[in-house]
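As stored in work.cif (mmCIF, C-alpha atoms):
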```
data_start
#
loop_
_atom_site.label_atom_id
_atom_site.label_comp_id
_atom_site.auth_asym_id
_atom_site.auth_seq_id
_atom_site.Cartn_x
_atom_site.Cartn_y
_atom_site.Cartn_z
CA MET Y 4 1.97 5.80 7.37
CA GLY Y 5 3.72 7.28 4.37
CA GLY Y 6 4.43 10.98 4.37
CA ARG Y 7 4.96 11.44 8.10
CA PRO Y 8 7.79 13.89 8.82
CA THR Y 9 10.99 12.31 10.14
CA SER Y 10 14.44 13.55 11.08
CA GLU Y 11 15.90 10.08 10.48
CA GLN Y 12 18.38 9.63 7.67
CA LEU Y 13 16.99 7.35 4.95
CA ASN Y 14 19.08 4.32 4.04
CA LEU Y 15 19.15 4.33 0.25
CA ALA Y 16 21.86 1.70 -0.13
CA GLU Y 17 21.15 -1.34 -2.33
CA HIS Y 18 21.27 -4.61 -0.43
CA ALA Y 19 21.13 -8.28 -1.37
CA LEU Y 20 18.03 -10.26 -0.42
CA ALA Y 21 18.37 -13.00 2.17
CA ASP Y 22 17.11 -16.47 1.24
CA TRP Y 23 14.12 -16.22 3.60
CA GLU Y 24 13.09 -12.96 1.91
CA VAL Y 25 13.07 -14.61 -1.52
CA VAL Y 26 11.05 -17.53 -0.08
CA THR Y 27 8.58 -15.14 1.56
CA ASP Y 28 7.98 -13.48 -1.79
CA ALA Y 29 7.66 -16.87 -3.54
CA VAL Y 30 5.15 -18.20 -1.00
CA SER Y 31 3.05 -15.06 -1.32
CA VAL Y 32 3.01 -15.25 -5.13
CA ALA Y 33 2.19 -18.99 -4.99
CA LEU Y 34 -0.74 -18.30 -2.65
CA GLY Y 35 -1.94 -15.65 -5.09
CA ALA Y 36 -1.75 -18.11 -7.99
CA LYS Y 37 -3.90 -20.53 -5.97
CA GLY Y 38 -6.47 -17.81 -5.31
CA LEU Y 39 -5.71 -17.74 -1.58
CA ARG Y 40 -4.61 -14.13 -1.34
CA THR Y 41 -4.77 -10.93 -3.39
CA THR Y 42 -2.33 -8.04 -3.33
CA ASP Y 43 -4.94 -5.79 -1.73
CA GLU Y 44 -5.62 -8.34 1.00
CA LEU Y 45 -1.91 -8.62 1.80
CA ARG Y 46 -1.55 -4.83 1.93
CA ARG Y 47 -4.57 -4.60 4.23
CA ALA Y 48 -3.28 -7.37 6.49
CA MET Y 49 0.03 -5.53 6.85
CA GLU Y 50 -1.74 -2.25 7.59
CA ASP Y 51 -3.78 -4.00 10.31
CA MET Y 52 -0.63 -4.18 12.43
CA PRO Y 53 -0.25 -1.70 15.26
CA ALA Y 54 1.99 1.20 14.11
CA ASP Y 55 4.88 0.43 16.48
CA GLU Y 56 5.01 -3.17 15.26
CA TYR Y 57 4.79 -2.12 11.62
CA LEU Y 58 7.69 0.29 12.05
CA ALA Y 59 9.79 -2.26 13.94
CA LEU Y 60 9.58 -4.89 11.17
CA SER Y 61 11.58 -4.97 7.95
CA TYR Y 62 9.90 -5.02 4.54
CA TYR Y 63 9.68 -8.81 4.13
CA GLU Y 64 9.01 -9.38 7.82
CA ARG Y 65 5.80 -7.41 7.19
CA TRP Y 66 5.02 -9.66 4.21
CA ALA Y 67 5.54 -12.77 6.33
CA ARG Y 68 3.44 -11.37 9.17
CA GLY Y 69 0.64 -10.30 6.77
CA THR Y 70 0.68 -13.65 4.95
CA GLU Y 71 0.43 -15.49 8.27
CA GLN Y 72 -2.56 -13.38 9.29
CA LEU Y 73 -4.38 -14.00 5.99
CA LEU Y 74 -3.82 -17.77 6.18
CA VAL Y 75 -5.25 -17.82 9.71
CA GLU Y 76 -8.17 -15.55 8.72
CA LYS Y 77 -9.07 -17.82 5.83
CA GLY Y 78 -8.80 -20.97 7.90
CA VAL Y 79 -5.95 -22.43 5.82
CA LEU Y 80 -3.71 -22.70 8.89
CA THR Y 81 -4.24 -22.15 12.61
CA ARG Y 82 -1.88 -20.21 14.90
CA ASP Y 83 -1.27 -23.49 16.74
CA GLU Y 84 -0.18 -25.23 13.57
CA ILE Y 85 2.18 -22.37 12.70
CA ASP Y 86 3.64 -22.23 16.21
CA ARG Y 87 4.11 -26.00 16.33
CA LYS Y 88 5.95 -26.01 12.98
CA MET Y 89 8.09 -23.10 14.09
CA ALA Y 90 9.07 -24.91 17.31
CA GLU Y 91 9.95 -27.96 15.23
CA LEU Y 92 12.13 -26.00 12.81
CA GLU Y 93 13.79 -23.65 15.25
CA PRO Y 94 16.54 -26.10 16.38
CA THR Y 95 17.56 -26.57 12.73
CA TRP Y 96 18.31 -22.90 12.20
CA GLU Y 97 21.97 -22.08 12.09
CA VAL Y 98 21.54 -18.96 14.14
CA SER Y 99 22.70 -18.21 17.63
CA MET M 24 -15.70 8.99 -16.27
CA LYS M 25 -16.04 12.25 -14.38
CA PHE M 26 -12.68 13.88 -15.17
CA SER M 27 -10.50 14.26 -18.25
CA PRO M 28 -6.78 14.98 -18.74
CA GLY M 29 -5.72 18.51 -17.79
CA GLN M 30 -8.64 19.00 -15.44
CA LYS M 31 -7.88 20.29 -11.95
CA VAL M 32 -8.89 18.03 -9.09
CA LYS M 33 -8.71 18.07 -5.33
CA VAL M 34 -8.27 14.98 -3.17
CA LYS M 35 -10.93 14.55 -0.53
CA MET M 36 -10.02 14.70 3.15
CA GLY M 37 -11.01 12.03 5.59
CA GLU M 38 -9.64 9.13 7.61
CA PRO M 39 -11.90 6.26 6.58
CA GLN M 40 -11.61 2.94 8.39
CA GLY M 41 -10.07 0.12 6.45
CA HIS M 42 -7.70 -0.24 3.53
CA VAL M 43 -7.43 2.71 1.13
CA ARG M 44 -4.89 3.41 -1.60
CA THR M 45 -4.90 7.19 -1.11
CA PRO M 46 -1.94 8.26 1.04
CA THR M 47 -2.44 10.84 3.76
CA TYR M 48 0.08 13.21 2.20
CA VAL M 49 -2.11 13.91 -0.86
CA ARG M 50 -5.42 14.28 0.99
CA GLY M 51 -6.82 17.79 0.73
CA LYS M 52 -4.22 18.69 -1.95
CA GLU M 53 -4.89 20.06 -5.42
CA GLY M 54 -3.45 18.53 -8.55
CA TRP M 55 -4.43 17.73 -12.11
CA VAL M 56 -5.53 14.70 -14.09
CA GLU M 57 -2.47 13.63 -16.07
CA ARG M 58 -3.96 10.49 -17.60
CA VAL M 59 -7.06 8.30 -17.42
CA HIS M 60 -6.08 4.68 -16.81
CA GLY M 61 -9.55 3.17 -17.28
CA GLU M 62 -11.85 1.34 -14.92
CA PHE M 63 -10.62 -1.11 -12.31
CA ARG M 64 -12.00 -3.13 -9.43
CA ASN M 65 -12.06 -1.22 -6.16
CA PRO M 66 -9.15 -2.18 -3.86
CA GLU M 67 -11.08 -0.95 -0.81
CA SER M 68 -13.39 -3.93 -1.30
CA LEU M 69 -10.80 -6.38 -2.70
CA ALA M 70 -8.71 -5.92 0.46
CA TYR M 71 -11.43 -7.69 2.47
CA GLY M 72 -12.10 -10.50 0.03
CA GLY M 73 -14.86 -8.57 -1.80
CA ASN M 74 -15.33 -8.62 -5.57
CA GLY M 75 -14.32 -4.97 -6.05
CA LEU M 76 -17.35 -4.23 -8.21
CA PRO M 77 -18.54 -1.94 -9.65
CA ARG M 78 -15.32 -1.06 -11.43
CA GLU M 79 -14.24 2.51 -10.83
CA PRO M 80 -12.33 5.03 -12.94
CA LEU M 81 -8.65 5.30 -11.98
CA TYR M 82 -6.64 8.40 -12.82
CA MET M 83 -2.97 9.29 -12.78
CA VAL M 84 -3.01 12.57 -10.87
CA GLY M 85 -0.09 15.02 -10.85
CA PHE M 86 0.91 17.23 -7.92
CA ARG M 87 3.64 19.81 -7.51
CA GLN M 88 6.05 18.43 -4.93
CA GLN M 89 6.15 21.84 -3.29
CA ASP M 90 2.38 21.77 -2.86
CA LEU M 91 2.71 18.49 -0.98
CA TRP M 92 5.68 19.26 1.24
CA GLN M 93 5.87 23.08 1.26
CA ALA M 94 9.20 24.45 2.50
CA ARG M 95 10.36 20.97 3.53
CA TYR M 96 10.79 20.17 -0.17
CA ALA M 97 14.26 21.49 -0.96
CA GLU M 98 14.63 20.09 -4.49
CA SER M 99 13.69 21.64 -7.83
CA PRO M 100 10.43 23.65 -7.77
CA SER M 101 9.50 22.06 -11.09
CA ASP M 102 9.42 18.51 -9.63
CA ASN M 103 6.08 16.73 -9.73
CA LEU M 104 4.67 13.64 -8.09
CA TYR M 105 2.32 11.34 -10.02
CA ILE M 106 0.05 8.93 -8.21
CA ASP M 107 -2.90 6.73 -9.18
CA LEU M 108 -6.17 7.68 -7.46
CA TYR M 109 -9.69 6.28 -7.71
CA GLU M 110 -12.52 8.59 -8.73
CA HIS M 111 -14.42 8.55 -5.43
CA TRP M 112 -11.42 10.22 -3.78
CA LEU M 113 -11.49 13.19 -6.18
CA GLU M 114 -13.59 16.32 -6.52
CA GLY M 115 -13.55 18.88 -9.30
CA VAL M 116 -11.84 22.28 -8.94
CA PRO M 117 -12.77 25.17 -11.24
CA ASN M 118 -9.93 25.83 -13.71
CA ALA M 119 -8.55 29.32 -13.07
#
```
Show this structure as structure tokens.
Amino acid sequence: MGGRPTSEQLNLAEHALADWEVVTDAVSVALGAKGLRTTDELRRAMEDMPADEYLALSYYERWARGTEQLLVEKGVLTRDEIDRKMAELEPTWEVS
Amino acid sequence: MKFSPGQKVKVKMGEPQGHVRTPTYVRGKEGWVERVHGEFRNPESLAYGGNGLPREPLYMVGFRQQDLWQARYAESPSDNLYIDLYEHWLEGVPNA
């Protein structure tokens, strides 16, 4: 989607990474080291998203979403397993 | 290796299905071979779990920013953009 004209102002400010963003990166690199995903596969999985979803997600949200898709594709995890774990963890999040 | 440094090239048009590493904004544009990187596995196959073989020549191709963005590019007319492109995306252009 790069190169499309936009009238939006670009946010060029530096920002600190949140913990979950660092973890997302680490998980992706660990999966690569185990031969479970390549950079090109992750890029492709992210590009598979519908455009409106892609544009609505932040940089590492796309990584997380793409990683999830690859793990399901390859049969490492099922959507059910991911959803169940999410439901289990959700009450422990300190977010309102 | 079809092209050598200094040679003019044009990026092919087209909207192929699947993962490609050639952004829309350079398709159909003319540039020049700045450097030959060597031969690498093809990301268009790697993205789907393929082996990426045969390896394909990869070039650093230069473009004038103004050729890419026309009047929308308001910075220095001497600015260039350099991007890595695989050989099957390039066609030769007669040097003027």
Quiz item: Once you count all atoms listed in the file, which residues of chain M turn out to be within 10 Å of chain Y? Could you give them as a list in words?
Solution: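 In the required form, that comes to Gly41, His42, Val43, Arg44, Pro46, Thr47, Tyr48, Val49, Asn65, Pro66, Glu67, Ser68, Leu69, Ala70, Tyr71, Gly72, Gly73, Leu91, Trp92 and Arg95 of chain M.
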For those residues, write C-alpha atoms to a file as a CSV table (one decimal), in the coordinates of the input.
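The result, written out as again-v6.csv:
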```
chain,number,residue,atom,x,y,z
M,41,GLY,CA,-10.1,0.1,6.4
M,42,HIS,CA,-7.7,-0.2,3.5
M,43,VAL,CA,-7.4,2.7,1.1
M,44,ARG,CA,-4.9,3.4,-1.6
M,46,PRO,CA,-1.9,8.3,1.0
M,47,THR,CA,-2.4,10.8,3.8
M,48,TYR,CA,0.1,13.2,2.2
M,49,VAL,CA,-2.1,13.9,-0.9
M,65,ASN,CA,-12.1,-1.2,-6.2
M,66,PRO,CA,-9.2,-2.2,-3.9
M,67,GLU,CA,-11.1,-1.0,-0.8
M,68,SER,CA,-13.4,-3.9,-1.3
M,69,LEU,CA,-10.8,-6.4,-2.7
M,70,ALA,CA,-8.7,-5.9,0.5
M,71,TYR,CA,-11.4,-7.7,2.5
M,72,GLY,CA,-12.1,-10.5,0.0
M,73,GLY,CA,-14.9,-8.6,-1.8
M,91,LEU,CA,2.7,18.5,-1.0
M,92,TRP,CA,5.7,19.3,1.2
M,95,ARG,CA,10.4,21.0,3.5
```
Self-check item: Residues returned when the PyMOL selection byres ((chain M and resi 88) around 6) runs on this file, as a list in words
Solution: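 After applying the PyMOL selection byres ((chain M and resi 88) around 6), what remains is Arg87, Gln89, Asp90, Leu91, Asp102, Asn103 and Leu104 of chain M.
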Export C-alpha atoms of the chosen residues as a short mmCIF file (atom, residue, chain, number, x, y, z; two decimals), in the coordinates of the input?
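Below is the file part.cif, written as the result:
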```
data_model
loop_
_atom_site.label_atom_id
_atom_site.label_comp_id
_atom_site.auth_asym_id
_atom_site.auth_seq_id
_atom_site.Cartn_x
_atom_site.Cartn_y
_atom_site.Cartn_z
CA ARG M 87 3.64 19.81 -7.51
CA GLN M 89 6.15 21.84 -3.29
CA ASP M 90 2.38 21.77 -2.86
CA LEU M 91 2.71 18.49 -0.98
CA ASP M 102 9.42 18.51 -9.63
CA ASN M 103 6.08 16.73 -9.73
CA LEU M 104 4.67 13.64 -8.09
#
```
Quiz prompt | Which of Y:Trp66, Y:Glu93, Y:Ala59, Y:Glu17 sits closest to Ala29 (chain Y) [using only C-alpha atoms] | solution =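 Using only C-alpha atoms, the shortest distance to Ala29 (chain Y) belongs to Y:Trp66.
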Quiz prompt | Residues matched by the PyMOL selection byres ((chain M and resi 112) around 10), written as number ranges by chain | solution = M: 32-37, 43-45, 50-51, 81, 108-111, 113-114
Quiz item: Could you work out how far CA of Gly78 (chain Y) lies from CA of Ala54 (chain Y), giving the answer in Å with one decimal?
Solution: 25.4 Å
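Considering all atoms listed in the file, the residue among M:Glu38, M:Asp107, M:Glu62, M:Glu98 positioned nearest to Gly75 (chain M) is M:Glu62.
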Applied to this file, what does the PyMOL selection byres ((chain Y and resi 22-24) around 10) return in terms of residues, put as a PDB file with C-alpha atoms, in the frame of the given file?
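The result, stored in out39.pdb:
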```pdb
ATOM      1  CA  ALA Y  19      21.130  -8.280  -1.370  1.00  0.00           C
ATOM      2  CA  LEU Y  20      18.030 -10.260  -0.420  1.00  0.00           C
ATOM      3  CA  ALA Y  21      18.370 -13.000   2.170  1.00  0.00           C
ATOM      4  CA  VAL Y  25      13.070 -14.610  -1.520  1.00  0.00           C
ATOM      5  CA  VAL Y  26      11.050 -17.530  -0.080  1.00  0.00           C
ATOM      6  CA  THR Y  27       8.580 -15.140   1.560  1.00  0.00           C
ATOM      7  CA  ASP Y  28       7.980 -13.480  -1.790  1.00  0.00           C
ATOM      8  CA  ALA Y  29       7.660 -16.870  -3.540  1.00  0.00           C
ATOM      9  CA  VAL Y  30       5.150 -18.200  -1.000  1.00  0.00           C
ATOM     10  CA  TYR Y  62       9.900  -5.020   4.540  1.00  0.00           C
ATOM     11  CA  TYR Y  63       9.680  -8.810   4.130  1.00  0.00           C
ATOM     12  CA  GLU Y  64       9.010  -9.380   7.820  1.00  0.00           C
ATOM     13  CA  TRP Y  66       5.020  -9.660   4.210  1.00  0.00           C
ATOM     14  CA  ALA Y  67       5.540 -12.770   6.330  1.00  0.00           C
TER      15      ALA Y  67
END
```
Self-check item: Among listed residues M:Gly54, M:Gly61, M:Phe26, M:Asn74, nearest Tyr105 (chain M) (using only C-alpha atoms)
Solution: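 Nearest candidate to Tyr105 (chain M) out of M:Gly54, M:Gly61, M:Phe26, M:Asn74: M:Gly54.
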